[in-house]
$ cat coords05.pdb   # PDB, C-alpha atoms and all ligand atoms
ATOM      1  CA  MET R   1      -5.721 339.920 -23.279
ATOM      2  CA  SER R   2      -5.292 339.877 -19.546
ATOM      3  CA  THR R   3      -2.620 337.755 -17.879
ATOM      4  CA  ILE R   4      -2.370 336.898 -14.195
ATOM      5  CA  TYR R   5       1.092 336.142 -12.798
ATOM      6  CA  ALA R   6       1.725 334.610  -9.380
ATOM      7  CA  ILE R   7       5.199 335.316  -7.964
ATOM      8  CA  ALA R   8       5.835 332.328  -5.736
ATOM      9  CA  ASN R   9       8.558 330.490  -3.868
ATOM     10  CA  HIS R  10       8.073 328.918  -0.459
ATOM     11  CA  LYS R  11      11.450 330.317   0.591
ATOM     12  CA  GLY R  12      11.483 333.751   2.176
ATOM     13  CA  GLY R  13      13.861 336.517   1.168
ATOM     14  CA  VAL R  14      14.445 335.323  -2.396
ATOM     15  CA  GLY R  15      13.103 338.477  -4.071
ATOM     16  CA  LYS R  16       9.422 337.656  -4.620
ATOM     17  CA  THR R  17       8.092 340.989  -3.423
ATOM     18  CA  THR R  18      10.894 342.973  -5.037
ATOM     19  CA  THR R  19      10.212 341.215  -8.334
ATOM     20  CA  ALA R  20       6.435 341.642  -8.087
ATOM     21  CA  VAL R  21       6.671 345.369  -7.256
ATOM     22  CA  ASN R  22       9.317 346.225  -9.830
ATOM     23  CA  MET R  23       7.948 344.122 -12.662
ATOM     24  CA  ALA R  24       4.478 345.558 -12.060
ATOM     25  CA  ALA R  25       5.908 349.092 -12.125
ATOM     26  CA  CYS R  26       7.895 348.433 -15.338
ATOM     27  CA  VAL R  27       4.893 346.905 -17.062
ATOM     28  CA  ALA R  28       2.714 349.884 -16.010
ATOM     29  CA  ASP R  29       5.403 352.273 -17.252
ATOM     30  CA  ALA R  30       5.268 350.510 -20.609
ATOM     31  CA  GLY R  31       1.638 351.630 -20.826
ATOM     32  CA  HIS R  32      -0.208 348.540 -19.602
ATOM     33  CA  ARG R  33      -3.044 348.666 -17.076
ATOM     34  CA  THR R  34      -1.569 346.786 -14.143
ATOM     35  CA  LEU R  35      -2.804 345.463 -10.801
ATOM     36  CA  LEU R  36      -0.641 344.152  -7.975
ATOM     37  CA  VAL R  37      -2.300 342.070  -5.257
ATOM     38  CA  ASP R  38      -0.408 341.778  -1.963
ATOM     39  CA  LEU R  39      -1.146 338.361  -0.481
ATOM     40  CA  ASP R  40       1.474 338.440   2.271
ATOM     41  CA  PRO R  41       0.461 339.438   5.836
ATOM     42  CA  GLN R  42       3.888 341.106   6.056
ATOM     43  CA  CYS R  43       2.493 343.768   3.664
ATOM     44  CA  ASN R  44       5.911 344.365   2.088
ATOM     45  CA  ALA R  45       4.543 345.018  -1.414
ATOM     46  CA  THR R  46       1.920 347.397   0.000
ATOM     47  CA  VAL R  47       4.523 349.423   1.900
ATOM     48  CA  ALA R  48       7.064 349.248  -0.947
ATOM     49  CA  LEU R  49       4.566 351.113  -3.127
ATOM     50  CA  GLY R  50       4.022 353.825  -0.536
ATOM     51  CA  VAL R  51       0.664 352.534   0.732
ATOM     52  CA  SER R  52       0.052 352.235   4.486
ATOM     53  CA  LYS R  53      -0.482 348.773   5.913
ATOM     54  CA  HIS R  54      -3.394 350.281   7.857
ATOM     55  CA  THR R  55      -5.286 351.025   4.624
ATOM     56  CA  ARG R  56      -8.765 349.521   4.526
ATOM     57  CA  PRO R  57     -10.331 347.640   2.818
ATOM     58  CA  THR R  58      -7.720 345.030   1.984
ATOM     59  CA  VAL R  59      -7.367 341.769   0.119
ATOM     60  CA  TYR R  60      -8.751 340.103   3.252
ATOM     61  CA  SER R  61     -12.273 341.435   2.511
ATOM     62  CA  CYS R  62     -11.924 340.083  -1.023
ATOM     63  CA  LEU R  63     -10.976 336.603   0.168
ATOM     64  CA  SER R  64     -13.836 336.552   2.632
ATOM     65  CA  GLY R  65     -16.207 337.325  -0.238
ATOM     66  CA  GLU R  66     -17.333 340.796   0.895
ATOM     67  CA  LEU R  67     -15.722 342.702  -1.971
ATOM     68  CA  THR R  68     -14.402 342.192  -5.459
ATOM     69  CA  LEU R  69     -10.763 343.128  -5.958
ATOM     70  CA  ASP R  70     -11.483 346.386  -7.813
ATOM     71  CA  ALA R  71     -13.361 347.692  -4.762
ATOM     72  CA  ALA R  72     -10.185 347.279  -2.673
ATOM     73  CA  ALA R  73      -7.668 348.498  -5.293
ATOM     74  CA  VAL R  74      -5.946 351.817  -4.588
ATOM     75  CA  PRO R  75      -3.883 353.892  -7.039
ATOM     76  CA  THR R  76      -0.110 354.212  -6.596
ATOM     77  CA  ALA R  77       2.384 356.914  -7.547
ATOM     78  CA  ILE R  78       2.927 355.010 -10.804
ATOM     79  CA  ASP R  79       0.405 355.853 -13.525
ATOM     80  CA  GLY R  80      -1.542 352.768 -14.526
ATOM     81  CA  LEU R  81      -0.523 350.717 -11.452
ATOM     82  CA  ALA R  82      -3.054 349.950  -8.699
ATOM     83  CA  ILE R  83      -2.495 347.771  -5.651
ATOM     84  CA  VAL R  84      -4.828 345.729  -3.494
ATOM     85  CA  PRO R  85      -3.186 346.170  -0.078
ATOM     86  CA  SER R  86      -2.605 343.459   2.472
ATOM     87  CA  THR R  87      -2.980 343.658   6.242
ATOM     88  CA  PRO R  88      -1.159 341.948   9.126
ATOM     89  CA  ASP R  89      -4.583 340.443   9.983
ATOM     90  CA  LEU R  90      -4.300 338.358   6.817
ATOM     91  CA  ALA R  91      -2.245 335.896   8.862
ATOM     92  CA  GLY R  92      -5.635 334.734  10.208
ATOM     93  CA  ALA R  93      -6.681 333.739   6.704
ATOM     94  CA  ASN R  94      -4.291 330.801   6.888
ATOM     95  CA  VAL R  95      -6.519 329.355   9.593
ATOM     96  CA  GLU R  96      -9.869 330.599   8.290
ATOM     97  CA  LEU R  97      -9.542 329.868   4.588
ATOM     98  CA  PRO R  98      -9.469 326.069   4.829
ATOM     99  CA  ARG R  99     -12.727 326.195   6.811
ATOM    100  CA  LEU R 100     -14.600 328.233   4.189
ATOM    101  CA  PRO R 101     -16.440 326.700   1.237
ATOM    102  CA  GLY R 102     -14.468 326.920  -2.013
ATOM    103  CA  SER R 103     -11.418 327.774   0.039
ATOM    104  CA  GLU R 104      -8.971 327.356  -2.857
ATOM    105  CA  THR R 105     -10.908 329.430  -5.380
ATOM    106  CA  ARG R 106     -11.688 332.493  -3.261
ATOM    107  CA  LEU R 107      -9.110 334.748  -4.926
ATOM    108  CA  ARG R 108     -10.081 333.512  -8.384
ATOM    109  CA  ASP R 109     -13.705 334.330  -7.594
ATOM    110  CA  ALA R 110     -12.818 337.774  -6.231
ATOM    111  CA  LEU R 111     -10.722 338.488  -9.336
ATOM    112  CA  GLY R 112     -13.451 337.221 -11.639
ATOM    113  CA  ALA R 113     -14.236 339.723 -14.350
ATOM    114  CA  VAL R 114     -12.046 342.326 -12.609
ATOM    115  CA  ALA R 115      -8.906 340.887 -14.152
ATOM    116  CA  GLU R 116     -10.195 341.910 -17.586
ATOM    117  CA  GLN R 117      -9.858 345.563 -16.554
ATOM    118  CA  TYR R 118      -6.101 345.039 -16.349
ATOM    119  CA  ASP R 119      -3.612 343.875 -18.942
ATOM    120  CA  TYR R 120      -1.421 342.371 -16.230
ATOM    121  CA  THR R 121      -2.184 341.257 -12.685
ATOM    122  CA  PHE R 122       0.663 340.274 -10.343
ATOM    123  CA  LEU R 123       0.028 338.239  -7.189
ATOM    124  CA  ASP R 124       2.764 338.596  -4.545
ATOM    125  CA  CYS R 125       2.712 335.395  -2.481
ATOM    126  CA  PRO R 126       3.816 334.807   1.122
ATOM    127  CA  PRO R 127       6.847 332.570   1.794
ATOM    128  CA  SER R 128       4.956 329.287   2.157
ATOM    129  CA  LEU R 129       2.831 326.939   0.117
ATOM    130  CA  GLY R 130      -0.117 327.516   2.442
ATOM    131  CA  PRO R 131      -3.708 328.484   1.605
ATOM    132  CA  LEU R 132      -2.867 332.026   0.428
ATOM    133  CA  THR R 133      -0.301 330.795  -2.091
ATOM    134  CA  VAL R 134      -2.638 328.021  -3.222
ATOM    135  CA  ASN R 135      -5.311 330.663  -3.867
ATOM    136  CA  ALA R 136      -2.820 332.623  -5.957
ATOM    137  CA  LEU R 137      -1.801 329.549  -7.969
ATOM    138  CA  VAL R 138      -5.437 328.663  -8.608
ATOM    139  CA  ALA R 139      -6.181 332.215  -9.812
ATOM    140  CA  ALA R 140      -3.032 332.577 -11.954
ATOM    141  CA  ASP R 141      -2.300 331.881 -15.617
ATOM    142  CA  ARG R 142       1.447 331.790 -15.005
ATOM    143  CA  VAL R 143       3.719 331.338 -12.041
ATOM    144  CA  MET R 144       7.115 333.036 -11.824
ATOM    145  CA  VAL R 145       9.675 331.651  -9.405
ATOM    146  CA  PRO R 146      12.417 333.971  -8.144
ATOM    147  CA  VAL R 147      15.576 332.029  -7.271
ATOM    148  CA  GLN R 148      18.342 333.631  -5.241
ATOM    149  CA  THR R 149      21.760 332.642  -6.575
ATOM    150  CA  GLU R 150      23.013 331.408  -3.208
ATOM    151  CA  TYR R 151      23.977 328.062  -1.786
ATOM    152  CA  PHE R 152      20.791 325.939  -1.272
ATOM    153  CA  ALA R 153      19.155 327.660  -4.267
ATOM    154  CA  LEU R 154      18.400 324.346  -5.953
ATOM    155  CA  GLU R 155      17.270 322.811  -2.702
ATOM    156  CA  GLY R 156      13.500 322.645  -2.696
ATOM    157  CA  LEU R 157      13.109 323.803  -6.316
ATOM    158  CA  ALA R 158      12.301 320.322  -7.610
ATOM    159  CA  GLY R 159       9.776 319.923  -4.780
ATOM    160  CA  LEU R 160       8.262 323.287  -5.622
ATOM    161  CA  LEU R 161       7.854 322.254  -9.270
ATOM    162  CA  ASP R 162       6.194 319.003  -8.104
ATOM    163  CA  THR R 163       3.720 321.040  -6.060
ATOM    164  CA  LEU R 164       3.039 323.309  -9.030
ATOM    165  CA  GLY R 165       2.370 320.187 -11.122
ATOM    166  CA  LEU R 166      -0.070 318.945  -8.502
ATOM    167  CA  ILE R 167      -1.942 322.257  -8.570
ATOM    168  CA  GLN R 168      -2.031 322.098 -12.386
ATOM    169  CA  ARG R 169      -3.535 318.613 -12.298
ATOM    170  CA  GLU R 170      -5.948 319.016  -9.415
ATOM    171  CA  LEU R 171      -6.975 322.646  -9.266
ATOM    172  CA  ASN R 172      -5.867 324.813 -12.196
ATOM    173  CA  PRO R 173      -5.123 323.196 -15.573
ATOM    174  CA  ARG R 174      -4.493 326.701 -17.022
ATOM    175  CA  LEU R 175      -1.438 327.227 -14.831
ATOM    176  CA  VAL R 176       1.869 327.428 -16.722
ATOM    177  CA  VAL R 177       5.283 327.696 -15.111
ATOM    178  CA  GLY R 178       6.243 330.982 -16.751
ATOM    179  CA  GLY R 179       9.849 330.915 -15.674
ATOM    180  CA  MET R 180      12.525 331.228 -13.026
ATOM    181  CA  ILE R 181      14.163 334.558 -12.299
ATOM    182  CA  LEU R 182      17.694 334.621 -10.893
ATOM    183  CA  THR R 183      17.789 337.309  -8.211
ATOM    184  CA  MET R 184      20.262 339.087  -5.929
ATOM    185  CA  HIS R 185      23.034 337.856  -8.146
ATOM    186  CA  ASP R 186      26.552 338.867  -7.202
ATOM    187  CA  GLY R 187      28.437 338.084 -10.412
ATOM    188  CA  ARG R 188      31.788 338.715  -8.724
ATOM    189  CA  THR R 189      31.515 335.604  -6.580
ATOM    190  CA  ARG R 190      32.371 332.149  -7.781
ATOM    191  CA  LEU R 191      29.429 330.763  -5.809
ATOM    192  CA  ALA R 192      26.857 332.912  -7.616
ATOM    193  CA  GLN R 193      28.366 331.967 -10.992
ATOM    194  CA  ASP R 194      28.253 328.265 -10.088
ATOM    195  CA  VAL R 195      24.666 328.473  -8.855
ATOM    196  CA  GLU R 196      23.573 330.321 -12.005
ATOM    197  CA  ARG R 197      25.174 327.653 -14.189
ATOM    198  CA  GLU R 198      23.622 324.842 -12.175
ATOM    199  CA  VAL R 199      20.105 326.296 -12.207
ATOM    200  CA  ARG R 200      20.364 326.905 -15.963
ATOM    201  CA  GLU R 201      21.585 323.328 -16.521
ATOM    202  CA  HIS R 202      18.743 321.855 -14.484
ATOM    203  CA  PHE R 203      15.989 324.034 -15.941
ATOM    204  CA  PRO R 204      17.260 325.126 -19.373
ATOM    205  CA  ASP R 205      13.893 326.216 -20.737
ATOM    206  CA  LEU R 206      12.657 327.932 -17.627
ATOM    207  CA  VAL R 207      15.331 330.397 -16.534
ATOM    208  CA  PHE R 208      15.024 333.912 -17.939
ATOM    209  CA  ASP R 209      18.114 335.352 -19.656
ATOM    210  CA  THR R 210      17.854 338.532 -17.592
ATOM    211  CA  VAL R 211      19.539 338.212 -14.209
ATOM    212  CA  ILE R 212      18.695 340.626 -11.381
ATOM    213  CA  PRO R 213      21.931 341.811  -9.754
ATOM    214  CA  ARG R 214      22.387 342.427  -6.062
ATOM    215  CA  ASN R 215      21.997 346.184  -6.034
ATOM    216  CA  VAL R 216      21.910 348.654  -3.141
ATOM    217  CA  ARG R 217      19.291 350.822  -4.877
ATOM    218  CA  ILE R 218      16.874 347.888  -5.158
ATOM    219  CA  GLY R 219      17.227 347.279  -1.421
ATOM    220  CA  GLU R 220      16.667 350.886  -0.382
ATOM    221  CA  ALA R 221      13.824 351.777  -2.811
ATOM    222  CA  PRO R 222      11.050 350.305  -0.569
ATOM    223  CA  SER R 223      11.995 352.688   2.239
ATOM    224  CA  PHE R 224      11.033 355.516  -0.135
ATOM    225  CA  GLY R 225       7.791 353.769  -1.098
ATOM    226  CA  LEU R 226       8.971 353.613  -4.697
ATOM    227  CA  PRO R 227       9.933 350.983  -7.263
ATOM    228  CA  VAL R 228      13.610 351.092  -8.126
ATOM    229  CA  THR R 229      12.864 352.567 -11.554
ATOM    230  CA  ARG R 230      11.573 355.720  -9.809
ATOM    231  CA  HIS R 231      14.104 355.716  -6.986
ATOM    232  CA  ASP R 232      17.081 355.583  -9.373
ATOM    233  CA  PRO R 233      16.088 355.000 -13.012
ATOM    234  CA  VAL R 234      19.648 354.510 -14.266
ATOM    235  CA  CYS R 235      20.962 352.067 -11.642
ATOM    236  CA  ALA R 236      21.791 348.494 -12.588
ATOM    237  CA  GLY R 237      18.728 347.205 -10.694
ATOM    238  CA  ALA R 238      16.303 349.460 -12.582
ATOM    239  CA  ILE R 239      17.865 348.484 -15.909
ATOM    240  CA  ALA R 240      17.625 344.779 -15.031
ATOM    241  CA  TYR R 241      13.969 344.901 -13.977
ATOM    242  CA  THR R 242      13.076 346.894 -17.112
ATOM    243  CA  ALA R 243      14.796 344.219 -19.228
ATOM    244  CA  LEU R 244      13.077 341.431 -17.292
ATOM    245  CA  ALA R 245       9.632 342.984 -17.800
ATOM    246  CA  LYS R 246      10.325 343.114 -21.562
ATOM    247  CA  GLU R 247      11.493 339.508 -21.585
ATOM    248  CA  VAL R 248       8.439 338.364 -19.629
ATOM    249  CA  ALA R 249       6.091 340.237 -21.974
ATOM    250  CA  ALA R 250       7.858 338.738 -24.997
ATOM    251  CA  ARG R 251       7.553 335.205 -23.592
ATOM    252  CA  GLY R 252       3.831 335.859 -23.104
TER
HETATM  253  P1  LIG E 301      10.675 337.787  -0.522
HETATM  254  O1  LIG E 301       9.466 338.565  -0.951
HETATM  255  O2  LIG E 301      10.937 336.595  -1.371
HETATM  256  O3  LIG E 301      10.647 337.448   0.933
HETATM  257  P2  LIG E 301      12.069 340.307  -0.882
HETATM  258  O4  LIG E 301      11.745 340.735  -2.260
HETATM  259  O5  LIG E 301      11.299 340.974   0.226
HETATM  260  O6  LIG E 301      11.959 338.732  -0.745
HETATM  261  O7  LIG E 301      13.631 340.514  -0.670
HETATM  262  C1  LIG E 301      14.246 340.256   0.581
HETATM  263  C2  LIG E 301      15.159 341.439   0.952
HETATM  264  O8  LIG E 301      16.197 341.569   0.013
HETATM  265  C3  LIG E 301      14.434 342.770   0.977
HETATM  266  O9  LIG E 301      14.973 343.560   2.007
HETATM  267  C4  LIG E 301      14.762 343.371  -0.377
HETATM  268  O10 LIG E 301      14.737 344.797  -0.363
HETATM  269  C5  LIG E 301      16.160 342.842  -0.615
HETATM  270  N1  LIG E 301      16.435 342.638  -2.039
HETATM  271  C6  LIG E 301      15.669 341.963  -2.924
HETATM  272  N2  LIG E 301      16.245 341.919  -4.142
HETATM  273  C7  LIG E 301      17.415 342.598  -4.025
HETATM  274  C8  LIG E 301      18.489 342.897  -4.932
HETATM  275  N3  LIG E 301      18.452 342.496  -6.217
HETATM  276  N4  LIG E 301      19.538 343.607  -4.455
HETATM  277  C9  LIG E 301      19.582 344.001  -3.163
HETATM  278  N5  LIG E 301      18.625 343.751  -2.257
HETATM  279  C10 LIG E 301      17.543 343.049  -2.677
HETATM  280 MG    MG E 302       7.699 339.020   0.122
END

$ encode --input "coords05.pdb" --output "structure tokens" --more "lines below"
Ligand code: ADP
Ligand code: MG
Amino acid sequence: MSTIYAIANHKGGVGKTTTAVNMAACVADAGHRTLLVDLDPQCNATVALGVSKHTRPTVYSCLSGELTLDAAAVPTAIDGLAIVPSTPDLAGANVELPRLPGSETRLRDALGAVAEQYDYTFLDCPPSLGPLTVNALVAADRVMVPVQTEYFALEGLAGLLDTLGLIQRELNPRLVVGGMILTMHDGRTRLAQDVEREVREHFPDLVFDTVIPRNVRIGEAPSFGLPVTRHDPVCAGAIAYTALAKEVAARG
């Protein structure tokens, strides 16, 4: 069985890329064939896994229909984890995609049978609900929403769920909201505790038990081109992402 996860939230800096990179690495470490697709022109997932943002080909060629995703996938330092890199040029896709035929299904088409070669595919989305994120949501089986436990966390979440419902109805009936992941949590602050409680009250069935703490090692790992589990396997961040990957796999 192959499952495709989109990691999406229109807010920037909430831990989408960090979650995509580290969950993908944990799942690969557990022995699953795993693919990560970087859909953000900022190329943060690409660089975080030690791959240059000047690597070619990229996901752009896949969206334009020249290549299937396996032709653009490159191996990473993690056994069993490949990445389809992004490029800063992908910013142009936001303009081009809507003008192409089948603009919303381009990623799904490029994934096609390729997804079957992987047990898990993770799609790291840009911080908007634009054409690239729509492509990810159309290609995905499940969407995961990282939520930073800060003031304004709830703001926009109901709207995001409405948009996900619209995509389910209009474009991808397979899409399931797989869950919300509380990220960058500083359990010492009253604010973070309040936000966690509020998000859990509002979305009792959606929020994962595992909470990702704010952790220096998580923040510095990308500068080494490594997931946190390789950068410092025993830090709180590595332990949390390993637990999250198990919880996600168990939820299916
Ligand atoms: P997004 O992809 O949603 O824009 P990122 O995953 O890039 O967000 O995270 C934003 C910034 O916060 C990055 O610099 C990242 O390294 C850092 N970061 C993410 N999660 C954590 C965490 N749990 N602890 C500390 N820093 C984090
Ligand atoms: Mg990102």

$ residues_around --input "coords05.pdb" --residues "Tyr120 (chain R)" --least-positions-apart "3" --cutoff "8 Å" --atoms "all atoms listed in the file" --output "NGL selection string"
:R and (2-5 or 24 or 27 or 32-35 or 115)

$ write_last_selection --input "coords05.pdb" --atoms "C-alpha atoms" --output "mmCIF file, in the frame of the given file"
data_model
loop_
_atom_site.group_PDB
_atom_site.id
_atom_site.type_symbol
_atom_site.label_atom_id
_atom_site.label_comp_id
_atom_site.auth_asym_id
_atom_site.auth_seq_id
_atom_site.Cartn_x
_atom_site.Cartn_y
_atom_site.Cartn_z
ATOM 1 C CA SER R 2 -5.292 339.877 -19.546
ATOM 2 C CA THR R 3 -2.620 337.755 -17.879
ATOM 3 C CA ILE R 4 -2.370 336.898 -14.195
ATOM 4 C CA TYR R 5 1.092 336.142 -12.798
ATOM 5 C CA ALA R 24 4.478 345.558 -12.060
ATOM 6 C CA VAL R 27 4.893 346.905 -17.062
ATOM 7 C CA HIS R 32 -0.208 348.540 -19.602
ATOM 8 C CA ARG R 33 -3.044 348.666 -17.076
ATOM 9 C CA THR R 34 -1.569 346.786 -14.143
ATOM 10 C CA LEU R 35 -2.804 345.463 -10.801
ATOM 11 C CA ALA R 115 -8.906 340.887 -14.152
#

$ resolve_selection --input "coords05.pdb" --expression "the PyMOL selection byres (((chain R and resi 222) around 9) and not hetatm)" --output "ChimeraX atom specification"
/R:18,44-45,47-50,218-221,223-228,231

$ residues_around --input "coords05.pdb" --residues "region 122-131 of chain R" --least-positions-apart "6" --cutoff "10 Å" --atoms "all atoms listed in the file" --output "NGL selection string"
:R and (3-14 or 16-21 or 23-24 or 34-46 or 83-84 or 91 or 93-98 or 103-104 or 137 or 139-140 or 142-144 or 160 or 163-164)

$ residues_around --input "coords05.pdb" --residues "Leu157 (chain R)" --least-positions-apart "4" --cutoff "9 Å" --atoms "only C-alpha atoms" --output "PDB file with C-alpha atoms, in the coordinates of the input"
ATOM      1  CA  ASN R   9       8.558 330.490  -3.868  1.00  0.00           C
ATOM      2  CA  VAL R 147      15.576 332.029  -7.271  1.00  0.00           C
ATOM      3  CA  ALA R 153      19.155 327.660  -4.267  1.00  0.00           C
ATOM      4  CA  LEU R 161       7.854 322.254  -9.270  1.00  0.00           C
ATOM      5  CA  ASP R 162       6.194 319.003  -8.104  1.00  0.00           C
TER       6      ASP R 162
END

$ atom_distance --input "coords05.pdb" --atom1 "CA of Glu247 (chain R)" --atom2 "CA of Thr183 (chain R)"
14.9 Å

$ atom_distance --input "coords05.pdb" --atom1 "CA of Ala158 (chain R)" --atom2 "atom C5 of ligand LIG 301 (chain E)"
23.9 Å

$ closest_residue --input "coords05.pdb" --among "R:Val59, R:Leu206, R:Leu166, R:Ala238" --to "Ser86 (chain R)" --atoms "all atoms listed in the file"
R:Val59

$ resolve_selection --input "coords05.pdb" --expression "the PyMOL selection byres (((chain R and resi 102) around 12) and not hetatm)" --output "count of residues only"
22

$ atom_distance --input "coords05.pdb" --atom1 "atom P2 of ligand LIG 301 (chain E)" --atom2 "CA of Asn22 (chain R)"
11.1 Å

$ axis_aligned_box --input "coords05.pdb" --around "ligand LIG 301 (chain E)" --padding-each-side "6 Å" --output "AutoDock Vina command-line options"
--center_x 14.5 --center_y 340.7 --center_z -2.1 --size_x 22.1 --size_y 20.2 --size_z 20.2

$ residues_around --input "coords05.pdb" --residues "Arg190 (chain R)" --least-positions-apart "6" --cutoff "12 Å" --atoms "all atoms listed in the file" --output "PyMOL selection string"
chain R and resi 149-151+196-197

$ closest_residue --input "coords05.pdb" --among "R:Phe208, R:Tyr60, R:Tyr241, R:Phe203" --to "Leu182 (chain R)" --atoms "all atoms listed in the file"
R:Phe208

$ closest_residue --input "coords05.pdb" --among "R:Asn215, R:Gln168, R:Ser52, R:Thr58" --to "Ala236 (chain R)" --atoms "all atoms listed in the file"
R:Asn215

$ resolve_selection --input "coords05.pdb" --expression "the PyMOL selection byres (((chain R and resi 187) around 10) and not hetatm)" --output "list in words"
Thr149, Met184, His185, Asp186, Arg188, Thr189, Arg190, Leu191, Ala192, Gln193, Asp194, Glu196, Val211, Pro213 and Arg214 of chain R

$ closest_residue --input "coords05.pdb" --among "R:Val145, R:Leu175, R:Leu111, R:Leu81" --to "Val207 (chain R)" --atoms "all atoms listed in the file"
R:Val145

$ build_atoms --input "coords05.pdb" --residues "region 75-81 of chain R" --atoms "all heavy atoms" --output "compact mmCIF listing (two decimals), in the frame of the given file"
# COMPACT_ATOMS: atom_id res chain seq x y z
N PRO R 75 -4.91 353.48 -6.08
CA PRO R 75 -3.88 353.89 -7.04
C PRO R 75 -2.52 354.05 -6.36
O PRO R 75 -2.45 354.20 -5.14
CB PRO R 75 -4.38 355.25 -7.54
CG PRO R 75 -5.43 355.70 -6.59
CD PRO R 75 -5.89 354.53 -5.80
N THR R 76 -1.46 353.98 -7.13
CA THR R 76 -0.11 354.21 -6.60
C THR R 76 0.48 355.44 -7.30
O THR R 76 -0.16 356.02 -8.18
CB THR R 76 0.81 353.01 -6.87
OG1 THR R 76 1.05 352.94 -8.27
CG2 THR R 76 0.19 351.70 -6.38
N ALA R 77 1.71 355.77 -6.93
CA ALA R 77 2.38 356.91 -7.55
C ALA R 77 2.72 356.63 -9.01
O ALA R 77 3.11 357.54 -9.75
CB ALA R 77 3.65 357.25 -6.77
N ILE R 78 2.61 355.38 -9.42
CA ILE R 78 2.93 355.01 -10.80
C ILE R 78 1.63 355.02 -11.62
O ILE R 78 0.69 354.28 -11.28
CB ILE R 78 3.52 353.58 -10.86
CG1 ILE R 78 4.59 353.37 -9.80
CG2 ILE R 78 4.01 353.22 -12.26
CD1 ILE R 78 5.77 354.26 -9.93
N ASP R 79 1.59 355.81 -12.66
CA ASP R 79 0.40 355.85 -13.52
C ASP R 79 0.10 354.46 -14.04
O ASP R 79 1.00 353.77 -14.51
CB ASP R 79 0.67 356.74 -14.75
CG ASP R 79 0.27 358.18 -14.48
OD1 ASP R 79 -0.34 358.42 -13.43
OD2 ASP R 79 0.61 359.04 -15.32
N GLY R 80 -1.15 354.06 -13.95
CA GLY R 80 -1.54 352.77 -14.53
C GLY R 80 -1.30 351.59 -13.60
O GLY R 80 -1.60 350.46 -13.97
N LEU R 81 -0.75 351.83 -12.40
CA LEU R 81 -0.52 350.72 -11.45
C LEU R 81 -1.37 350.91 -10.19
O LEU R 81 -1.23 351.92 -9.49
CB LEU R 81 0.96 350.64 -11.06
CG LEU R 81 1.29 349.60 -9.97
CD1 LEU R 81 0.91 348.19 -10.40
CD2 LEU R 81 2.78 349.65 -9.62
